[in-house]
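File shown: target-v4.cif (mmCIF, C-alpha atoms).
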data_run
#
loop_
_atom_site.label_atom_id
_atom_site.label_comp_id
_atom_site.auth_asym_id
_atom_site.auth_seq_id
_atom_site.Cartn_x
_atom_site.Cartn_y
_atom_site.Cartn_z
CA MET A 28 0.00 0.00 0.00
CA SER A 29 1.40 3.41 -1.00
CA ARG A 30 1.86 6.24 1.48
CA LEU A 31 -1.06 8.13 -0.13
CA GLN A 32 -3.37 5.13 0.19
CA SER A 33 -2.27 4.65 3.77
CA TRP A 34 -3.11 8.26 4.61
CA GLN A 35 -6.45 7.97 2.84
CA ALA A 36 -7.31 4.84 4.79
CA PHE A 37 -6.40 6.66 7.99
CA LEU A 38 -8.05 10.02 7.32
CA VAL A 39 -11.24 9.21 5.39
CA PRO A 40 -13.02 7.32 8.21
CA LYS A 41 -12.06 10.00 10.71
CA LEU A 42 -13.19 12.83 8.44
CA ARG A 43 -16.46 11.03 7.80
CA ARG A 44 -16.99 10.60 11.52
CA VAL A 45 -16.29 14.28 12.17
CA ALA A 46 -18.65 15.30 9.33
CA GLU A 47 -21.43 13.12 10.76
CA PHE A 48 -20.87 14.59 14.19
CA LEU A 49 -20.85 18.19 12.95
CA THR A 50 -24.02 17.67 10.91
CA ALA A 51 -25.95 15.93 13.68
CA GLN A 52 -24.73 18.21 16.44
CA GLY A 53 -25.26 21.25 14.26
CA ILE A 54 -28.92 20.33 13.83
CA THR A 55 -29.26 19.50 17.52
CA MET A 56 -27.54 22.66 18.67
CA ALA A 57 -29.53 24.80 16.26
CA GLY A 58 -32.78 23.30 17.54
CA ASN A 59 -31.80 23.80 21.19
CA LEU A 60 -30.52 27.31 20.54
CA VAL A 61 -33.66 28.35 18.65
CA TYR A 62 -35.80 26.80 21.41
CA GLY A 63 -34.00 28.78 24.09
CA LEU A 64 -34.01 32.03 22.13
CA LEU A 65 -37.71 31.67 21.36
CA CYS A 66 -38.32 31.29 25.09
CA VAL A 67 -36.31 34.48 25.62
CA ARG A 68 -38.35 36.40 23.05
CA LEU A 69 -41.82 34.92 23.66
CA LEU A 70 -41.98 34.57 27.44
CA PRO A 71 -42.59 37.60 29.66
CA VAL A 72 -39.57 38.53 31.76
CA ALA A 73 -41.17 37.16 34.96
CA ASP A 74 -41.95 33.81 33.30
CA TYR A 75 -38.51 33.52 31.76
CA ALA A 76 -36.96 34.12 35.20
CA LYS A 77 -38.75 30.94 36.40
CA PHE A 78 -37.36 29.05 33.40
CA VAL A 79 -33.83 30.28 34.19
CA VAL A 80 -33.95 29.34 37.86
CA VAL A 81 -35.35 25.84 37.27
CA PHE A 82 -32.75 24.81 34.73
CA GLY A 83 -29.95 26.65 36.52
CA ILE A 84 -30.56 24.60 39.66
CA GLN A 85 -31.15 21.45 37.61
CA GLY A 86 -27.72 21.87 35.99
CA THR A 87 -26.10 22.06 39.40
CA LEU A 88 -27.94 19.00 40.70
CA VAL A 89 -26.97 16.95 37.64
CA VAL A 90 -23.32 17.60 38.43
CA LEU A 91 -23.72 16.96 42.15
CA MET A 92 -25.59 13.73 41.54
CA ASP A 93 -22.89 12.49 39.20
CA ILE A 94 -19.67 14.05 40.66
CA GLY A 95 -17.76 12.58 37.74
CA ILE A 96 -18.64 8.90 38.19
CA THR A 97 -20.28 8.56 34.76
CA GLY A 98 -17.22 9.95 33.03
CA SER A 99 -15.10 7.26 34.68
CA MET A 100 -16.57 4.52 32.50
CA ILE A 101 -14.59 5.35 29.34
CA PRO A 102 -11.11 5.36 30.96
CA LEU A 103 -11.96 2.32 33.12
CA VAL A 104 -13.15 0.25 30.16
CA GLY A 105 -10.27 1.53 28.02
CA GLU A 106 -9.59 -0.72 25.04
CA ARG A 107 -11.86 -3.53 26.31
CA ILE A 108 -14.85 -2.19 24.40
CA ASN A 109 -15.88 -5.67 23.25
CA ASP A 110 -16.24 -6.99 26.80
CA ARG A 111 -19.96 -6.30 27.13
CA GLN A 112 -20.28 -8.00 30.48
CA LEU A 113 -17.59 -5.71 31.88
CA ILE A 114 -19.38 -2.63 30.56
CA ALA A 115 -22.73 -3.85 31.90
CA ASP A 116 -21.16 -4.47 35.31
CA TYR A 117 -19.77 -0.95 35.40
CA VAL A 118 -23.19 0.45 34.42
CA ALA A 119 -24.84 -1.50 37.24
CA SER A 120 -22.24 -0.29 39.72
CA LEU A 121 -22.68 3.28 38.51
CA ARG A 122 -26.44 2.94 38.95
CA GLN A 123 -26.05 1.91 42.59
CA LEU A 124 -23.80 4.87 43.33
CA ALA A 125 -26.18 7.25 41.56
CA GLN A 126 -29.15 5.97 43.53
CA VAL A 127 -27.37 6.72 46.78
CA LEU A 128 -26.50 10.22 45.62
CA PHE A 129 -30.07 10.86 44.47
CA ALA A 130 -31.48 9.69 47.80
CA VAL A 131 -29.33 12.32 49.48
CA MET A 132 -30.22 14.97 46.91
CA VAL A 133 -34.02 14.75 47.27
CA PRO A 134 -34.43 16.04 50.85
CA VAL A 135 -31.66 18.60 50.43
CA THR A 136 -33.33 20.05 47.32
CA ALA A 137 -36.76 20.09 48.97
CA ILE A 138 -35.34 22.21 51.80
CA VAL A 139 -32.83 24.43 49.98
CA TYR A 140 -34.79 25.34 46.83
CA PRO A 141 -37.62 27.19 48.63
CA LEU A 142 -35.00 29.14 50.60
CA PHE A 143 -33.19 29.97 47.38
CA VAL A 144 -36.27 31.56 45.76
CA ARG A 145 -37.94 32.96 48.86
CA ASN A 146 -37.53 36.58 47.71
CA ARG A 147 -39.13 35.91 44.31
CA GLN A 148 -42.60 36.00 45.91
CA TRP A 149 -43.72 32.83 44.14
CA SER A 150 -46.56 30.88 45.73
CA TRP A 151 -45.82 27.60 47.49
CA PRO A 152 -47.63 25.47 44.82
CA VAL A 153 -45.40 27.06 42.17
CA VAL A 154 -42.27 26.38 44.21
CA ALA A 155 -43.36 22.80 44.98
CA ALA A 156 -43.96 22.15 41.28
CA MET A 157 -40.51 23.55 40.51
CA VAL A 158 -38.88 21.21 43.04
CA ALA A 159 -40.63 18.18 41.54
CA ILE A 160 -39.62 19.19 38.01
CA VAL A 161 -36.00 19.81 39.01
CA LEU A 162 -35.68 16.40 40.68
CA ALA A 163 -37.35 14.49 37.84
CA SER A 164 -35.29 16.17 35.13
CA THR A 165 -32.11 15.63 37.16
CA TRP A 166 -32.75 11.89 37.40
CA PHE A 167 -33.44 11.49 33.70
CA SER A 168 -30.38 13.57 32.83
CA ARG A 169 -28.26 11.15 34.84
CA VAL A 170 -29.84 8.19 33.03
CA SER A 171 -29.09 9.85 29.71
CA SER A 172 -25.46 10.45 30.67
CA ALA A 173 -24.80 6.93 31.94
CA TYR A 174 -26.43 4.97 29.13
CA GLY A 175 -25.26 7.45 26.51
CA SER A 176 -21.70 6.51 27.54
CA VAL A 177 -22.49 2.92 26.58
CA LEU A 178 -23.47 4.01 23.07
CA ILE A 179 -20.26 5.99 22.77
CA ILE A 180 -18.11 3.08 23.96
CA GLN A 181 -19.89 0.72 21.57
CA ARG A 182 -19.44 3.28 18.76
CA ASP A 183 -23.15 3.50 18.07
CA ARG A 184 -22.84 7.18 17.29
CA GLY A 185 -25.69 7.17 14.78
CA ARG A 186 -28.27 6.33 17.45
CA TRP A 187 -26.62 8.77 19.85
CA TYR A 188 -26.92 11.56 17.27
CA ARG A 189 -30.45 10.61 16.27
CA ALA A 190 -31.84 10.74 19.80
CA GLN A 191 -30.39 14.21 20.27
CA MET A 192 -31.79 15.48 16.98
CA ILE A 193 -35.28 14.03 17.53
CA SER A 194 -35.44 15.56 21.00
CA SER A 195 -34.20 18.94 19.82
CA LEU A 196 -36.52 19.24 16.82
CA GLY A 197 -39.44 17.65 18.67
CA THR A 198 -39.31 20.08 21.59
CA LEU A 199 -38.98 23.00 19.16
CA ALA A 200 -42.07 21.84 17.26
CA LEU A 201 -44.02 21.48 20.52
CA LEU A 202 -42.98 24.95 21.62
CA LEU A 203 -44.27 26.45 18.38
CA ILE A 204 -47.54 24.51 18.68
CA PHE A 205 -48.08 25.75 22.23
CA TRP A 206 -47.26 29.30 21.17
CA ARG A 207 -49.72 29.23 18.28
CA ALA A 208 -52.39 27.79 20.55
CA HIS A 209 -51.71 30.51 23.17
CA TRP A 210 -50.76 27.87 25.75
CA LEU A 211 -47.19 29.04 26.21
CA ASN A 212 -46.17 30.10 29.70
CA ALA A 213 -43.33 29.40 32.12
CA PHE A 214 -44.43 25.88 33.05
CA SER A 215 -45.39 24.72 29.58
CA ALA A 216 -41.98 25.84 28.28
CA ILE A 217 -40.26 24.08 31.19
CA LEU A 218 -42.21 20.84 30.78
CA ILE A 219 -41.61 20.70 27.03
CA ASN A 220 -37.89 20.93 27.73
CA VAL A 221 -38.15 18.18 30.36
CA ALA A 222 -40.00 15.99 27.83
CA GLY A 223 -36.95 16.26 25.57
CA ILE A 224 -34.67 15.16 28.42
CA VAL A 225 -36.89 12.15 29.15
CA SER A 226 -37.00 11.20 25.47
CA ILE A 227 -33.21 11.08 25.21
CA ALA A 228 -32.86 9.12 28.47
CA LEU A 229 -35.34 6.43 27.43
CA THR A 230 -33.80 6.10 23.97
CA TYR A 231 -30.30 5.66 25.38
CA PHE A 232 -31.49 3.23 28.03
CA LEU A 233 -33.29 0.96 25.59
CA ARG A 234 -30.49 1.09 23.02
CA ALA A 235 -27.76 0.42 25.61
CA ARG A 236 -29.66 -2.59 26.94
CA HIS A 237 -29.97 -3.92 23.38
CA LEU A 238 -26.29 -3.37 22.57
CA LEU A 239 -25.00 -5.03 25.72
CA GLY A 240 -27.43 -7.94 25.67
CA VAL A 241 -26.37 -9.01 29.17
CA ARG A 242 -27.46 -8.10 32.65
CA GLY A 243 -24.89 -6.16 34.62
CA VAL A 244 -23.91 -7.22 38.12
CA ALA A 245 -22.81 -4.49 40.50
CA SER A 246 -19.79 -5.31 42.60
CA ALA A 247 -17.79 -3.73 45.38
CA GLU A 248 -14.68 -4.01 43.21
CA LYS A 249 -16.23 -2.01 40.35
CA ARG A 250 -17.63 0.60 42.73
CA ALA A 251 -14.22 0.92 44.36
CA ALA A 252 -12.53 1.42 40.97
CA ILE A 253 -15.07 4.11 40.03
CA ILE A 254 -14.66 5.88 43.36
CA HIS A 255 -10.87 5.58 43.28
CA LEU A 256 -10.69 7.19 39.83
CA THR A 257 -13.17 9.98 40.52
CA LEU A 258 -12.28 10.72 44.15
CA PRO A 259 -9.45 13.18 43.39
CA SER A 260 -11.76 15.18 41.13
CA ALA A 261 -14.89 14.90 43.31
CA PRO A 262 -14.17 17.81 45.70
CA GLY A 263 -13.47 20.10 42.76
CA VAL A 264 -16.59 18.91 40.93
CA ILE A 265 -18.77 19.50 43.97
CA PHE A 266 -17.19 22.86 44.61
CA TYR A 267 -17.59 24.01 41.02
CA ALA A 268 -21.18 22.75 40.86
CA LEU A 269 -22.03 24.94 43.83
CA GLN A 270 -19.94 28.00 43.02
CA GLY A 271 -20.75 27.80 39.31
CA GLN A 272 -24.25 28.99 40.16
CA LEU A 273 -23.06 31.55 42.69
CA GLY A 274 -23.86 34.41 40.33
CA LEU A 275 -27.37 33.09 39.70
CA LEU A 276 -27.82 32.51 43.43
CA LEU A 277 -26.78 36.04 44.34
CA ILE A 278 -28.77 37.73 41.62
CA THR A 279 -31.85 35.63 42.43
CA ILE A 280 -31.63 36.50 46.12
CA PHE A 281 -30.65 40.16 45.83
CA GLY A 282 -31.33 41.24 42.25
CA ARG A 283 -34.49 42.13 40.43
CA THR A 284 -36.48 39.63 38.39
CA ALA A 285 -35.39 41.42 35.21
CA ALA A 286 -31.75 40.85 36.15
CA VAL A 287 -32.37 37.12 36.67
CA ALA A 288 -33.98 36.91 33.24
CA GLY A 289 -31.13 38.97 31.75
CA VAL A 290 -28.48 36.56 33.02
CA GLY A 291 -30.45 33.66 31.59
CA ALA A 292 -31.01 35.36 28.24
CA LEU A 293 -27.32 36.17 27.82
CA GLY A 294 -26.47 32.61 28.84
CA ARG A 295 -28.42 31.44 25.80
CA LEU A 296 -25.90 33.20 23.60
CA GLY A 297 -23.15 31.19 25.28
CA GLN A 298 -24.72 28.07 23.81
CA ILE A 299 -23.00 28.79 20.51
CA PHE A 300 -20.02 27.01 22.07
CA ALA A 301 -22.10 23.89 22.79
CA LEU A 302 -21.25 22.28 19.44
CA PHE A 303 -17.61 22.13 20.46
CA SER A 304 -18.02 21.33 24.15
CA GLN A 305 -20.42 18.46 23.41
CA SER A 306 -17.77 16.85 21.25
CA ASN A 307 -15.62 16.27 24.36
CA PRO A 308 -17.29 13.06 25.64
CA LEU A 309 -18.14 11.80 22.17
CA LEU A 310 -14.96 12.44 20.19
CA VAL A 311 -12.25 14.00 22.32
CA GLU A 312 -12.19 11.63 25.32
CA PRO A 313 -12.31 8.33 23.35
CA TYR A 314 -9.73 9.63 20.87
CA PHE A 315 -7.20 10.84 23.44
CA ALA A 316 -7.79 7.85 25.72
CA LYS A 317 -6.28 5.48 23.15
CA LEU A 318 -3.78 7.87 21.53
CA GLU A 319 -0.13 6.78 21.62
CA ARG A 320 2.16 8.67 23.96
CA SER A 321 4.41 9.83 21.13
CA ARG A 322 1.51 11.67 19.45
CA LEU A 323 -0.24 12.98 22.55
CA ARG A 324 1.59 16.29 22.98
CA SER A 325 1.30 17.46 19.38
CA HIS A 326 -2.37 16.50 19.15
CA TYR A 327 -3.12 18.13 22.51
CA LEU A 328 -1.53 21.42 21.41
CA GLY A 329 -3.21 21.23 18.00
CA ALA A 330 -6.65 20.79 19.57
CA LEU A 331 -6.05 23.74 21.91
CA ALA A 332 -4.85 25.96 19.05
CA GLY A 333 -7.85 25.14 16.87
CA LEU A 334 -10.37 25.66 19.62
CA GLY A 335 -8.61 28.81 20.79
CA ALA A 336 -8.91 30.30 17.31
CA VAL A 337 -12.66 29.61 17.31
CA GLY A 338 -13.12 31.24 20.72
CA ALA A 339 -11.02 34.29 19.84
CA SER A 340 -12.94 34.84 16.60
CA THR A 341 -16.25 34.80 18.47
CA VAL A 342 -15.02 37.29 21.07
CA ILE A 343 -13.77 39.66 18.35
CA LEU A 344 -17.10 39.41 16.51
CA ALA A 345 -19.01 40.23 19.71
CA ARG A 346 -16.82 43.24 20.34
CA MET A 347 -17.12 44.62 16.82
CA TYR A 348 -20.79 43.83 16.20
CA PRO A 349 -22.62 43.34 19.54
CA GLY A 350 -25.88 44.43 17.92
CA VAL A 351 -26.01 41.18 15.94
CA PHE A 352 -26.21 39.16 19.15
CA LEU A 353 -28.60 41.56 20.84
CA TRP A 354 -30.99 41.47 17.89
CA VAL A 355 -31.31 37.73 18.46
CA LEU A 356 -32.34 38.28 22.10
CA GLY A 357 -35.01 40.82 21.23
CA PRO A 358 -35.88 44.34 22.40
CA LYS A 359 -36.28 43.41 26.10
CA TYR A 360 -32.51 42.90 26.34
CA ALA A 361 -31.25 45.48 23.81
CA GLY A 362 -29.07 47.41 26.27
CA PHE A 363 -26.56 44.64 27.05
CA HIS A 364 -23.73 45.77 24.71
CA VAL A 365 -20.85 45.19 27.13
CA GLU A 366 -22.54 42.16 28.69
CA VAL A 367 -22.67 40.26 25.41
CA GLN A 368 -18.90 40.66 25.04
CA LEU A 369 -18.36 39.31 28.54
CA VAL A 370 -20.55 36.30 27.80
CA MET A 371 -18.53 35.45 24.69
CA LEU A 372 -15.22 35.88 26.54
CA SER A 373 -16.35 33.65 29.39
CA GLY A 374 -17.62 31.06 26.93
CA ALA A 375 -14.36 31.02 24.98
CA LEU A 376 -12.31 30.55 28.15
CA GLY A 377 -14.67 27.82 29.33
CA LEU A 378 -14.34 26.10 25.96
CA LEU A 379 -10.58 25.78 26.34
CA SER A 380 -10.83 24.76 29.98
CA GLY A 381 -13.43 22.09 29.14
CA LEU A 382 -11.23 20.63 26.41
CA MET A 383 -8.26 20.43 28.75
CA ALA A 384 -10.35 18.84 31.49
CA SER A 385 -11.63 16.19 29.04
CA VAL A 386 -8.18 15.33 27.72
CA ASN A 387 -6.69 15.30 31.21
CA GLY A 388 -9.45 13.00 32.40
CA SER A 389 -9.10 10.64 29.44
CA ARG A 390 -5.36 10.25 30.21
CA ARG A 391 -6.01 10.02 33.98
CA PHE A 392 -4.15 13.29 34.63
CA VAL A 393 -6.25 13.72 37.78
CA TYR A 394 -4.61 14.38 41.15
CA TYR A 395 -5.63 15.35 44.66
CA TRP A 396 -3.64 18.61 44.65
CA GLN A 397 -5.59 19.72 41.61
CA ASN A 398 -8.80 20.09 43.60
CA VAL A 399 -7.14 21.93 46.47
CA THR A 400 -5.62 24.40 44.01
CA THR A 401 -8.92 24.81 42.18
CA ILE A 402 -10.83 25.54 45.37
CA VAL A 403 -8.23 27.97 46.72
CA VAL A 404 -7.97 29.93 43.45
CA THR A 405 -11.75 30.09 43.01
CA VAL A 406 -12.43 31.15 46.59
CA ILE A 407 -9.86 33.94 46.34
CA VAL A 408 -11.32 35.17 43.04
CA GLN A 409 -14.90 35.06 44.24
CA ALA A 410 -14.09 36.61 47.61
CA CYS A 411 -12.49 39.56 45.82
CA PHE A 412 -15.55 39.98 43.60
CA ILE A 413 -18.02 39.72 46.47
CA TRP A 414 -15.98 42.36 48.31
CA LYS A 415 -15.46 44.76 45.41
CA THR A 416 -18.28 44.14 42.90
CA ASP A 417 -22.05 44.53 42.96
CA LEU A 418 -23.16 40.99 42.15
CA SER A 419 -26.84 41.93 42.10
CA THR A 420 -26.25 43.30 38.58
CA VAL A 421 -25.93 41.39 35.32
CA ARG A 422 -22.53 42.89 34.51
CA GLY A 423 -21.10 42.04 37.92
CA VAL A 424 -22.17 38.41 37.59
CA LEU A 425 -20.62 38.15 34.12
CA TRP A 426 -17.29 39.59 35.26
CA LEU A 427 -17.29 37.00 38.03
CA SER A 428 -17.83 34.30 35.40
CA VAL A 429 -14.89 35.56 33.33
CA ALA A 430 -12.53 35.65 36.29
CA THR A 431 -13.58 32.19 37.45
CA SER A 432 -13.05 30.80 33.93
CA ILE A 433 -9.51 32.19 33.88
CA GLY A 434 -8.75 30.50 37.20
CA GLY A 435 -10.11 27.16 35.97
CA LEU A 436 -8.08 27.36 32.77
CA CYS A 437 -4.89 28.01 34.73
CA VAL A 438 -5.46 25.00 37.01
CA ASN A 439 -6.19 22.69 34.07
CA THR A 440 -2.99 23.90 32.40
CA LEU A 441 -0.96 23.08 35.51
CA CYS A 442 -2.62 19.67 35.68
CA ALA A 443 -1.70 18.91 32.06
CA LEU A 444 1.92 19.99 32.56
CA TYR A 445 2.18 17.84 35.69
CA GLY A 446 0.63 14.89 33.86
CA PHE A 447 3.15 15.09 31.05
CA ALA A 448 6.00 15.35 33.53
CA ARG A 449 4.92 12.72 36.07
CA GLY A 450 2.48 10.49 34.20
CA PRO A 451 -1.14 9.45 34.90
CA ARG A 452 -2.56 8.10 38.12
CA ARG A 453 -2.44 4.33 38.46
CA ILE A 454 -5.70 2.60 39.37
CA LYS A 455 -5.47 -0.58 41.38
CA GLY A 456 -6.77 -3.62 39.51
CA LEU A 457 -6.46 -2.18 35.98
CA ASP A 458 -4.35 -3.74 33.23
CA TYR A 459 -1.74 -1.34 31.85
CA SER A 460 0.06 -3.77 29.55
CA THR A 461 -1.47 -2.29 26.37
CA GLU A 462 -1.79 1.28 27.52
CA GLY A 463 -0.72 4.03 25.14
CA LEU A 464 1.14 5.93 27.87
#
Starting from the coordinates I provided, produce the structure as structure tokens.
Amino acid sequence: MSRLQSWQAFLVPKLRRVAEFLTAQGITMAGNLVYGLLCVRLLPVADYAKFVVVFGIQGTLVVLMDIGITGSMIPLVGERINDRQLIADYVASLRQLAQVLFAVMVPVTAIVYPLFVRNRQWSWPVVAAMVAIVLASTWFSRVSSAYGSVLIIQRDRGRWYRAQMISSLGTLALLLIFWRAHWLNAFSAILINVAGIVSIALTYFLRARHLLGVRGVASAEKRAAIIHLTLPSAPGVIFYALQGQLGLLLITIFGRTAAVAGVGALGRLGQIFALFSQSNPLLVEPYFAKLERSRLRSHYLGALAGLGAVGASTVILARMYPGVFLWVLGPKYAGFHVEVQLVMLSGALGLLSGLMASVNGSRRFVYYWQNVTTIVVTVIVQACFIWKTDLSTVRGVLWLSVATSIGGLCVNTLCALYGFARGPRRIKGLDYSTEGL
């Protein structure tokens, strides 16, 4: 085989896979983005504030209920993707751990959520309905994440894409139907979104069960391996899940309803980075997990350079033409010229940090000192902002997000440098004989 044919055989399947991913995720992201922006434009400010708070808290609970255990499946399975019993056993062990976490999460949410929104002057039936919706959507999001990992490991990307696209386009169609029928309000918009989450979870669950074809058996050994791998990252994950919503928490408690809706509306613009960040578990982690050591550094730097160019271009566009982004949000949010630039900057920094975290995790560049450093840096940054900045305003919250993103990027960079210098963490009981590193 000639060198040209060899390169073609190597590149064509990968390019085809990337094209499929970009097409499917482009459709999915477009549907989700249009859905969110329609909610921004069509819902009254007070109703959209409810939408923002529900899914802001739900995002935090999803992270707290998982604390990284789902992401451990890909590095733990490694190259043994054909051992379906092993994968099923890990899924069963993950399910047991998730059930324990959810049992803890339910009473905590029922107590904390009403305190969180007590100054919004929402009636207790409204708050109770919100709590129920948050818990249900959190559980189905966890199901989607766990069983979606099985599809990724088994390389059933077509079904993974399809479920996302059907959910995205289906919820968008329902939103338009409800709007035309004059049924659209805060709770109908929220429930339509939850229906999309449930749809994806059930699709992944049924497909994963079909692909594996065996019943998983949870074991103490598998649970220990999952905990051992995720434990160094768990404190940082928990900390970031809580402090990541600090801005929303402060502005919900102290700010006006319009400010809560403004933070949520601008956050919708940050979803333009979702196409790239969603590629991390699907393409980035599996690719870097099995990449040879000799090629790791150059591919790592190449991925960072490419993604950095995308983020920088978006920030420059927002600075030069902020009106383009504000037109999308509609007249209720037309005054956020500086704010839209801050959102794009925070999103670009988060994009790079997320890529580094995914690559570091796939190579097991996870260490206990990493979490201590993350917490210390973040606490210092946020303490300075709480002391010096008015975090009841939209702009103050966005500056906090930018500063926090810079701190996270710095810690992930240190973690990568340490990993290259000292090597990955060794997990007791795993076979390293065929490992790329």
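Each of A:Leu211, A:Val342, A:Ala190, A:Ala159 was checked against Ile224 (chain A) using all atoms listed in the file; the smallest atom-to-atom distance is that of A:Ala190.
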Gap from CA of Thr230 (chain A) to CA of Tyr188 (chain A) - Å, one decimal = 11.0 Å
Box for region 164-170 of chain A: with edges along x, y and z, all listed atoms inside and 4 Å added on each side, what are the centre and edge lengths in Å to one decimal, as lines of an AutoDock Vina configuration file?
center_x = -31.8
center_y = 12.2
center_z = 35.1
size_x = 15.0
size_y = 16.0
size_z = 12.6
request  = Can you pull out every residue within 12 Å of Leu328 (chain A), counting only C-alpha atoms, but drop anything in the same chain fewer than 3 positions away, and send it as a list in words?
outcome  =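 Result of the neighbour search: Arg322, Leu323, Arg324, Ser325, Leu331, Ala332, Gly333, Leu334, Gly335, Leu379, Leu382, Met383, Val386, Thr440, Ala443 and Leu444 of chain A.
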Would you mind exporting the chosen residues as a PDB file, in the coordinates of the input, restricted to C-alpha atoms?
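Heads up, here's the output in result02.pdb:
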ATOM      1  CA  ARG A 322       1.510  11.670  19.450  1.00  0.00           C
ATOM      2  CA  LEU A 323      -0.240  12.980  22.550  1.00  0.00           C
ATOM      3  CA  ARG A 324       1.590  16.290  22.980  1.00  0.00           C
ATOM      4  CA  SER A 325       1.300  17.460  19.380  1.00  0.00           C
ATOM      5  CA  LEU A 331      -6.050  23.740  21.910  1.00  0.00           C
ATOM      6  CA  ALA A 332      -4.850  25.960  19.050  1.00  0.00           C
ATOM      7  CA  GLY A 333      -7.850  25.140  16.870  1.00  0.00           C
ATOM      8  CA  LEU A 334     -10.370  25.660  19.620  1.00  0.00           C
ATOM      9  CA  GLY A 335      -8.610  28.810  20.790  1.00  0.00           C
ATOM     10  CA  LEU A 379     -10.580  25.780  26.340  1.00  0.00           C
ATOM     11  CA  LEU A 382     -11.230  20.630  26.410  1.00  0.00           C
ATOM     12  CA  MET A 383      -8.260  20.430  28.750  1.00  0.00           C
ATOM     13  CA  VAL A 386      -8.180  15.330  27.720  1.00  0.00           C
ATOM     14  CA  THR A 440      -2.990  23.900  32.400  1.00  0.00           C
ATOM     15  CA  ALA A 443      -1.700  18.910  32.060  1.00  0.00           C
ATOM     16  CA  LEU A 444       1.920  19.990  32.560  1.00  0.00           C
TER      17      LEU A 444
END
key: Gap from CA of Cys66 (chain A) to CA of Phe205 (chain A) - Å, one decimal   = 11.6 Å
Between CA of Ala430 (chain A) and CA of Phe392 (chain A), distance in Å (one decimal) =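 So the two atoms, CA of Ala430 (chain A) and CA of Phe392 (chain A), lie 23.9 Å apart.
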query = Around (-33.1, 33.2, 26.9) in the file's frame, which residues reach within 12 Å when counting all atoms listed in the file? Return as a PyMOL selection string?
reply = chain A and resi 59-72+74-80+82+216+285+287-298+352-353+355-357+359-360
Counting all atoms listed in the file, the residue of A:Pro349, A:Gly374, A:Gly446, A:Gly388 that sits nearest Trp426 (chain A) =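 For Trp426 (chain A), the nearest of the candidates is A:Gly374.
When the distance limit is 9 Å and only C-alpha atoms are what count, the residues near Gly435 (chain A), minus those fewer than 6 positions from it on the same chain, are Leu376, Gly377, Ser380, Thr401, Val404 and Thr405 of chain A.
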Taking 2 positions as the minimum chain separation for residues in the same chain, which residues sit within 10 Å of Ile193 (chain A) when counting only C-alpha atoms? Answer as a tab-separated table (two decimals) with C-alpha atoms, keeping the file's coordinate frame.
chain	number	residue	atom	x	y	z
A	54	ILE	CA	-28.92	20.33	13.83
A	55	THR	CA	-29.26	19.50	17.52
A	58	GLY	CA	-32.78	23.30	17.54
A	188	TYR	CA	-26.92	11.56	17.27
A	189	ARG	CA	-30.45	10.61	16.27
A	190	ALA	CA	-31.84	10.74	19.80
A	191	GLN	CA	-30.39	14.21	20.27
A	195	SER	CA	-34.20	18.94	19.82
A	196	LEU	CA	-36.52	19.24	16.82
A	197	GLY	CA	-39.44	17.65	18.67
A	198	THR	CA	-39.31	20.08	21.59
A	199	LEU	CA	-38.98	23.00	19.16
A	223	GLY	CA	-36.95	16.26	25.57
A	226	SER	CA	-37.00	11.20	25.47
A	227	ILE	CA	-33.21	11.08	25.21
message = Evaluated on this file, the PyMOL selection byres ((chain A and resi 122-138) around 8) picks out some residues - which ones are they, written as a list in words?
response = Leu88, Met92, Asp93, Val118, Ala119, Ser120, Leu121, Val139, Tyr140, Pro141, Leu142, Val158, Leu162, Trp166, Ala245 and Arg250 of chain A
query = Nearest to Ile101 (chain A) among A:Phe143, A:Trp151, A:Phe214, A:Tyr117, with distances taken over all atoms listed in the file: which residue is it?
reply = A:Tyr117
Option closest in space to Tyr314 (chain A), from A:Pro102, A:Leu239, A:Val177, A:Arg234 [counting only C-alpha atoms] =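 Smallest separation from Tyr314 (chain A) among the options: A:Pro102.
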message = From the options A:Leu103, A:Leu202, A:Val81, A:Ile299, which residue's atoms come nearest to Pro313 (chain A), counting only C-alpha atoms?
response =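 Nearest to Pro313 (chain A): A:Leu103.
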message = Please determine, counting all atoms listed in the file, which residue among A:Gly53, A:Gly185, A:Gly381, A:Pro259 has the shortest atom-to-atom distance to Ser99 (chain A).
response =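 Looking at the shortest contact to Ser99 (chain A), the residue is A:Pro259.
The result of the PyMOL selection byres ((chain A and resi 96) around 8) on the shown file is Asp93, Ile94, Gly95, Thr97, Gly98, Ser99, Met100, Leu121, Ile253, Ile254 and Thr257 of chain A.
All residues of protein, DNA or RNA that reach within 10 Å of Leu425 (chain A), judged by only C-alpha atoms and not counting those fewer than 5 positions away in the chain, are Gly274, Val290, Leu293, Gly294, Val365, Glu366, Val367, Gln368, Leu369, Val370, Leu372, Ser373, Leu418, Thr420, Ala430 and Thr431 of chain A.
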query = Where does the PyMOL selection byres ((chain A and resi 169) around 9) land in this file, that is, which residues does it pick, as a PyMOL selection string?
reply = chain A and resi 89-90+92-93+97+125+164-168+170-174+228
